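Before any comments, here is the structure.
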Amino acid sequence: MKTLKLVTWNVNGIRASYDKGLNQFVQEYSPDILCIQETKAHKDQVEPHKQSLGYEHNYWSSAERKGYSGVATFLKKKPKKVLTGIDNPDYEKEGRIVWTQHEEFDLYNIYFPNGGSGEERHNFKQKFLKELTDHLKFEMKKGKQIIVVGDYNVAYLEFDVHDPKRLSKESGFLPEEREWFNGFLKAGFTDVFRQLHPDKKEMYSWWSYRELARSRNKGWRIDHICVTEGLLKHIKSCDILMQQVGSDHCPVIAEFEF
DNA sequence: ATGGCGGCTGAGAGCCGA
């Protein structure tokens, strides 16, 4: 039996996050796999010693536009294969996905689009959601076990946001987005945190920088670790590290045993 | 309703985040 510690964290700019908490976090938790979203940098824009975060293997997908989006996956053990997109090249242009393939599962590290800045981005996000589910269904048909982690930019349960009534008109908690999440679960995924902690309330992973939202815990739970059925028996724990500083999001951690 | 905060770009104020 070996333990696998997996972390997902939207750091909102890896260069700014490094000295605000990211580096110390890696020292303290030493995850086997660390999935970062919103690097807001190309790999070569980051100082060499900070580039790897101490990981021998790290894979980046960055946006064409500088300072925007971007994901990176850091691993102690080399994956069998690495990809940076699904069928639609638009998502690679925005650095949305690092897809690593491992012995026991395929891992998708994803920064889901934000749909809150107008109709075009709203539609882009809904398209992304649909196409991702289609892609994952196709992969599952091959018999694969899959982990999807990242900043989903979607909360789906009433108590996953601090004010469900007001926020039901805002991107990230729209009825159609919550419906998408339920369909995603129905397709065969389990939200690991909620599976282990069905009644835990006021657990959030993102707070606005404004209006002292974090200290008042006016947050959203939008960062998730979801797995296919065959992986459920391997889960040992899952927690939202709400006290962790260094970003407007906090990390979510899960431990598996294989 | 608006703007509020912060990272980033490119050298200003503006874009974007959810």
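Convention: chains lettered A, B, ... in structure tokens order; per-chain residue numbering from 1; ligands numbered from 1 as shown.
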
For chain A, report every residue with an atom at most 6 Å from chain B (counting only C-alpha atoms (C1' of nucleotides)), formatted as a list in words.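 Residues passing the distance filter: Gly67, Tyr209 and Arg210 of chain A.
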
If you count only C-alpha atoms (C1' of nucleotides), which residues fall within 7 Å of Trp99 (chain A), apart from same-chain ones fewer than 3 positions away, as a PyMOL selection string? chain A and resi 82-84+107-109

Selection from above, N, CA and C atoms, as a compact mmCIF listing (two decimals), in the first residue's frame, can you write it?
```txt
# COMPACT_ATOMS: atom_id res chain seq x y z
N VAL A 82 1.56 12.91 -21.00
CA VAL A 82 1.06 14.25 -20.66
C VAL A 82 0.43 14.89 -21.89
N LEU A 83 -0.76 15.47 -21.69
CA LEU A 83 -1.45 16.20 -22.76
C LEU A 83 -1.90 17.55 -22.20
N THR A 84 -2.14 18.50 -23.09
CA THR A 84 -2.54 19.83 -22.60
C THR A 84 -3.88 20.28 -23.18
N LEU A 107 -5.48 11.99 -14.71
CA LEU A 107 -5.71 13.17 -13.89
C LEU A 107 -5.84 14.42 -14.77
N TYR A 108 -6.97 15.12 -14.59
CA TYR A 108 -7.18 16.38 -15.31
C TYR A 108 -7.07 17.53 -14.33
N ASN A 109 -6.08 18.38 -14.57
CA ASN A 109 -5.92 19.61 -13.79
C ASN A 109 -6.51 20.74 -14.64
```

Write out as a PyMOL selection string each polymer residue whose atoms come within 8 Å of region 18-21 of chain A, counting only C-alpha atoms (C1' of nucleotides); drop sequence neighbours fewer than 5 positions from it. chain A and resi 50+244-247

Would you save the residues of that selection, restricted to N, CA and C atoms, as a PDB file, in the first residue's frame?
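Saved as result15.pdb:
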```
ATOM      1  N   LYS A  50      12.204  28.731  -8.696  1.00  0.00           N
ATOM      2  CA  LYS A  50      10.791  28.736  -8.319  1.00  0.00           C
ATOM      3  C   LYS A  50       9.941  27.956  -9.327  1.00  0.00           C
ATOM      4  N   GLN A 244      -5.249  28.462   4.790  1.00  0.00           N
ATOM      5  CA  GLN A 244      -4.035  28.675   4.000  1.00  0.00           C
ATOM      6  C   GLN A 244      -4.056  30.020   3.272  1.00  0.00           C
ATOM      7  N   VAL A 245      -3.002  30.792   3.462  1.00  0.00           N
ATOM      8  CA  VAL A 245      -2.894  32.093   2.795  1.00  0.00           C
ATOM      9  C   VAL A 245      -2.047  31.987   1.520  1.00  0.00           C
ATOM     10  N   GLY A 246      -2.123  33.033   0.695  1.00  0.00           N
ATOM     11  CA  GLY A 246      -1.302  33.085  -0.513  1.00  0.00           C
ATOM     12  C   GLY A 246      -2.083  33.281  -1.786  1.00  0.00           C
ATOM     13  N   SER A 247      -3.422  33.325  -1.668  1.00  0.00           N
ATOM     14  CA  SER A 247      -4.283  33.466  -2.842  1.00  0.00           C
ATOM     15  C   SER A 247      -5.676  33.840  -2.371  1.00  0.00           C
TER      16      SER A 247
END
```

All residues 6 Å or closer to region 23-33 of chain A, only C-alpha atoms (C1' of nucleotides), same chain fewer than 5 positions away omitted, as a list in words: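 My reading of the contact set: Lys5, Leu6, Tyr18, Phe74, Leu75 and Lys76 of chain A.
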
Need to verify the contact set: region 165-173 of chain A, 8 Å, only C-alpha atoms (C1' of nucleotides), exclusion of same-chain residues closer than 6 positions in sequence. Can you return it as JSON, numbers by chain? {"A": [114, 115, 116, 122, 153, 154, 155, 156, 222], "B": [18]}

Deliver the residues from the most recent selection as a file, using N, CA, C and O atoms (P, O5', C5', C4', C3', O3' and C1' of nucleotides), as an mmCIF file, in the first residue's frame.
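So result-v6.cif came out as:
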```cif
data_model
loop_
_atom_site.group_PDB
_atom_site.id
_atom_site.type_symbol
_atom_site.label_atom_id
_atom_site.label_comp_id
_atom_site.auth_asym_id
_atom_site.auth_seq_id
_atom_site.Cartn_x
_atom_site.Cartn_y
_atom_site.Cartn_z
ATOM 1 N N ASN A 114 -14.117 31.413 -16.472
ATOM 2 C CA ASN A 114 -15.034 32.272 -15.738
ATOM 3 C C ASN A 114 -16.028 32.846 -16.746
ATOM 4 O O ASN A 114 -15.630 33.287 -17.817
ATOM 5 N N GLY A 115 -17.297 32.840 -16.386
ATOM 6 C CA GLY A 115 -18.311 33.305 -17.334
ATOM 7 C C GLY A 115 -18.932 34.635 -16.960
ATOM 8 O O GLY A 115 -19.970 35.018 -17.498
ATOM 9 N N GLY A 116 -18.285 35.355 -16.062
ATOM 10 C CA GLY A 116 -18.923 36.524 -15.470
ATOM 11 C C GLY A 116 -18.675 37.853 -16.150
ATOM 12 O O GLY A 116 -19.139 38.884 -15.669
ATOM 13 N N HIS A 122 -19.655 33.931 -21.039
ATOM 14 C CA HIS A 122 -20.664 33.028 -20.482
ATOM 15 C C HIS A 122 -20.870 31.835 -21.428
ATOM 16 O O HIS A 122 -20.858 30.678 -21.008
ATOM 17 N N ASN A 153 -15.053 26.838 -11.062
ATOM 18 C CA ASN A 153 -15.862 28.057 -11.207
ATOM 19 C C ASN A 153 -17.355 27.754 -11.180
ATOM 20 O O ASN A 153 -18.163 28.486 -11.775
ATOM 21 N N VAL A 154 -17.706 26.665 -10.500
ATOM 22 C CA VAL A 154 -19.112 26.311 -10.321
ATOM 23 C C VAL A 154 -19.301 25.762 -8.902
ATOM 24 O O VAL A 154 -18.575 24.855 -8.486
ATOM 25 N N ALA A 155 -20.269 26.323 -8.185
ATOM 26 C CA ALA A 155 -20.752 25.756 -6.931
ATOM 27 C C ALA A 155 -22.128 25.177 -7.232
ATOM 28 O O ALA A 155 -22.858 25.733 -8.053
ATOM 29 N N TYR A 156 -22.475 24.055 -6.596
ATOM 30 C CA TYR A 156 -23.734 23.436 -7.029
ATOM 31 C C TYR A 156 -24.751 23.192 -5.925
ATOM 32 O O TYR A 156 -25.938 23.074 -6.219
ATOM 33 N N ILE A 222 -15.928 26.321 -4.885
ATOM 34 C CA ILE A 222 -15.863 26.132 -6.335
ATOM 35 C C ILE A 222 -14.640 25.338 -6.780
ATOM 36 O O ILE A 222 -14.466 25.093 -7.966
ATOM 37 P P DA B 18 -11.841 33.038 -11.076
ATOM 38 O "O5'" DA B 18 -13.301 33.229 -10.472
ATOM 39 C "C5'" DA B 18 -13.457 33.241 -9.079
ATOM 40 C "C4'" DA B 18 -14.908 33.470 -8.724
ATOM 41 C "C3'" DA B 18 -15.916 32.555 -9.413
ATOM 42 O "O3'" DA B 18 -16.870 32.104 -8.473
ATOM 43 C "C1'" DA B 18 -16.512 34.795 -9.767
#
```

Just want the 7 Å neighbourhood of Pro251 (chain A), counted on only C-alpha atoms (C1' of nucleotides), with same-chain residues fewer than 5 positions away dropped. Output as a list in words.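 My list of contacting residues is Val7, Thr8, Trp9, Ile240 and Leu241 of chain A.
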
Could you take the residues named above and write them with N, CA and C atoms, as a PDB file, in the first residue's frame?
```pdb
ATOM      1  N   VAL A   7      -3.121  17.631  -4.186  1.00  0.00           N
ATOM      2  CA  VAL A   7      -3.603  18.978  -3.837  1.00  0.00           C
ATOM      3  C   VAL A   7      -3.988  19.739  -5.096  1.00  0.00           C
ATOM      4  N   THR A   8      -5.096  20.474  -5.018  1.00  0.00           N
ATOM      5  CA  THR A   8      -5.450  21.432  -6.076  1.00  0.00           C
ATOM      6  C   THR A   8      -5.552  22.818  -5.451  1.00  0.00           C
ATOM      7  N   TRP A   9      -4.998  23.798  -6.177  1.00  0.00           N
ATOM      8  CA  TRP A   9      -4.992  25.162  -5.628  1.00  0.00           C
ATOM      9  C   TRP A   9      -4.908  26.194  -6.755  1.00  0.00           C
ATOM     10  N   ILE A 240     -10.661  20.862   2.972  1.00  0.00           N
ATOM     11  CA  ILE A 240     -10.485  22.199   2.399  1.00  0.00           C
ATOM     12  C   ILE A 240      -9.646  22.996   3.385  1.00  0.00           C
ATOM     13  N   LEU A 241      -8.475  23.443   2.946  1.00  0.00           N
ATOM     14  CA  LEU A 241      -7.527  24.081   3.860  1.00  0.00           C
ATOM     15  C   LEU A 241      -7.790  25.581   3.926  1.00  0.00           C
TER      16      LEU A 241
END
```

By how many Å are CA of Arg221 (chain A) and CA of Asp160 (chain A) apart?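 Taking CA of Arg221 (chain A) and CA of Asp160 (chain A), their separation equals 5.1 Å.
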
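Among the candidate residues A:Lys186, A:Lys137, A:His162, A:Lys40, the one lying nearest to Ala63 (chain A) is A:Lys40, with distances computed using only C-alpha atoms.
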
As a PyMOL selection string, which residues of region 40-114 of chain A does DSSP assign to helix (DSSP H, G or I)? chain A and resi 43-45+48-51+89-93

Write out the residues from the selection above, keeping N, CA, C and O atoms, as a short mmCIF file (atom, residue, chain, number, x, y, z; two decimals), in the first residue's frame.
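Saved the output as selection-v8.cif:
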```cif
data_model
loop_
_atom_site.label_atom_id
_atom_site.label_comp_id
_atom_site.auth_asym_id
_atom_site.auth_seq_id
_atom_site.Cartn_x
_atom_site.Cartn_y
_atom_site.Cartn_z
N LYS A 43 6.10 29.28 -18.20
CA LYS A 43 7.14 28.67 -17.37
C LYS A 43 8.43 29.50 -17.38
O LYS A 43 9.06 29.70 -16.34
N ASP A 44 8.79 30.02 -18.55
CA ASP A 44 10.06 30.76 -18.65
C ASP A 44 9.98 32.17 -18.08
O ASP A 44 10.97 32.89 -18.06
N GLN A 45 8.79 32.57 -17.59
CA GLN A 45 8.68 33.86 -16.91
C GLN A 45 8.95 33.72 -15.41
O GLN A 45 8.97 34.71 -14.68
N PRO A 48 14.08 30.29 -12.26
CA PRO A 48 14.37 28.86 -12.35
C PRO A 48 14.13 28.07 -11.05
O PRO A 48 13.52 27.01 -11.08
N HIS A 49 14.60 28.60 -9.93
CA HIS A 49 14.46 27.81 -8.70
C HIS A 49 13.01 27.79 -8.21
O HIS A 49 12.63 26.93 -7.42
N LYS A 50 12.20 28.73 -8.70
CA LYS A 50 10.79 28.74 -8.32
C LYS A 50 9.94 27.96 -9.33
O LYS A 50 8.82 27.56 -9.02
N GLN A 51 10.50 27.78 -10.51
CA GLN A 51 9.80 27.11 -11.60
C GLN A 51 9.33 25.72 -11.22
O GLN A 51 8.24 25.30 -11.58
N PRO A 89 -9.10 23.31 -29.72
CA PRO A 89 -7.83 24.05 -29.53
C PRO A 89 -8.00 25.38 -28.80
O PRO A 89 -7.02 25.92 -28.28
N ASP A 90 -9.22 25.90 -28.76
CA ASP A 90 -9.45 27.15 -28.03
C ASP A 90 -9.03 27.03 -26.57
O ASP A 90 -8.60 28.00 -25.95
N TYR A 91 -9.17 25.84 -26.01
CA TYR A 91 -8.86 25.67 -24.60
C TYR A 91 -7.36 25.62 -24.36
O TYR A 91 -6.88 26.06 -23.31
N GLU A 92 -6.63 25.13 -25.34
CA GLU A 92 -5.17 25.15 -25.21
C GLU A 92 -4.63 26.57 -25.31
O GLU A 92 -3.67 26.92 -24.64
N LYS A 93 -5.26 27.37 -26.15
CA LYS A 93 -4.83 28.77 -26.29
C LYS A 93 -4.97 29.54 -24.99
O LYS A 93 -4.33 30.56 -24.78
#
```

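Of the residues under consideration (A:Gln243, A:Gln195, A:Ser69, A:Asn12), A:Ser69 shows the shortest atom-to-atom contact distance to Phe112 (chain A) when counting only C-alpha atoms.
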
Per DSSP on the backbone, filter region 32-255 of chain A down to the residues in strand (DSSP E) and report them as number ranges by chain. A: 33-37, 57-61, 71-75, 81-83, 97-101, 106-111, 146-151, 189-191, 206-207, 219-220, 223-228, 235-240, 252-255

CA of Cys238 (chain A) to CA of Thr73 (chain A): how many Å, to one decimal? 18.9 Å

Just how far from CA of His249 (chain A) is CA of Leu212 (chain A), in Å to one decimal?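 Straight-line distance from CA of Leu212 (chain A) to CA of His249 (chain A) works out to 14.0 Å.
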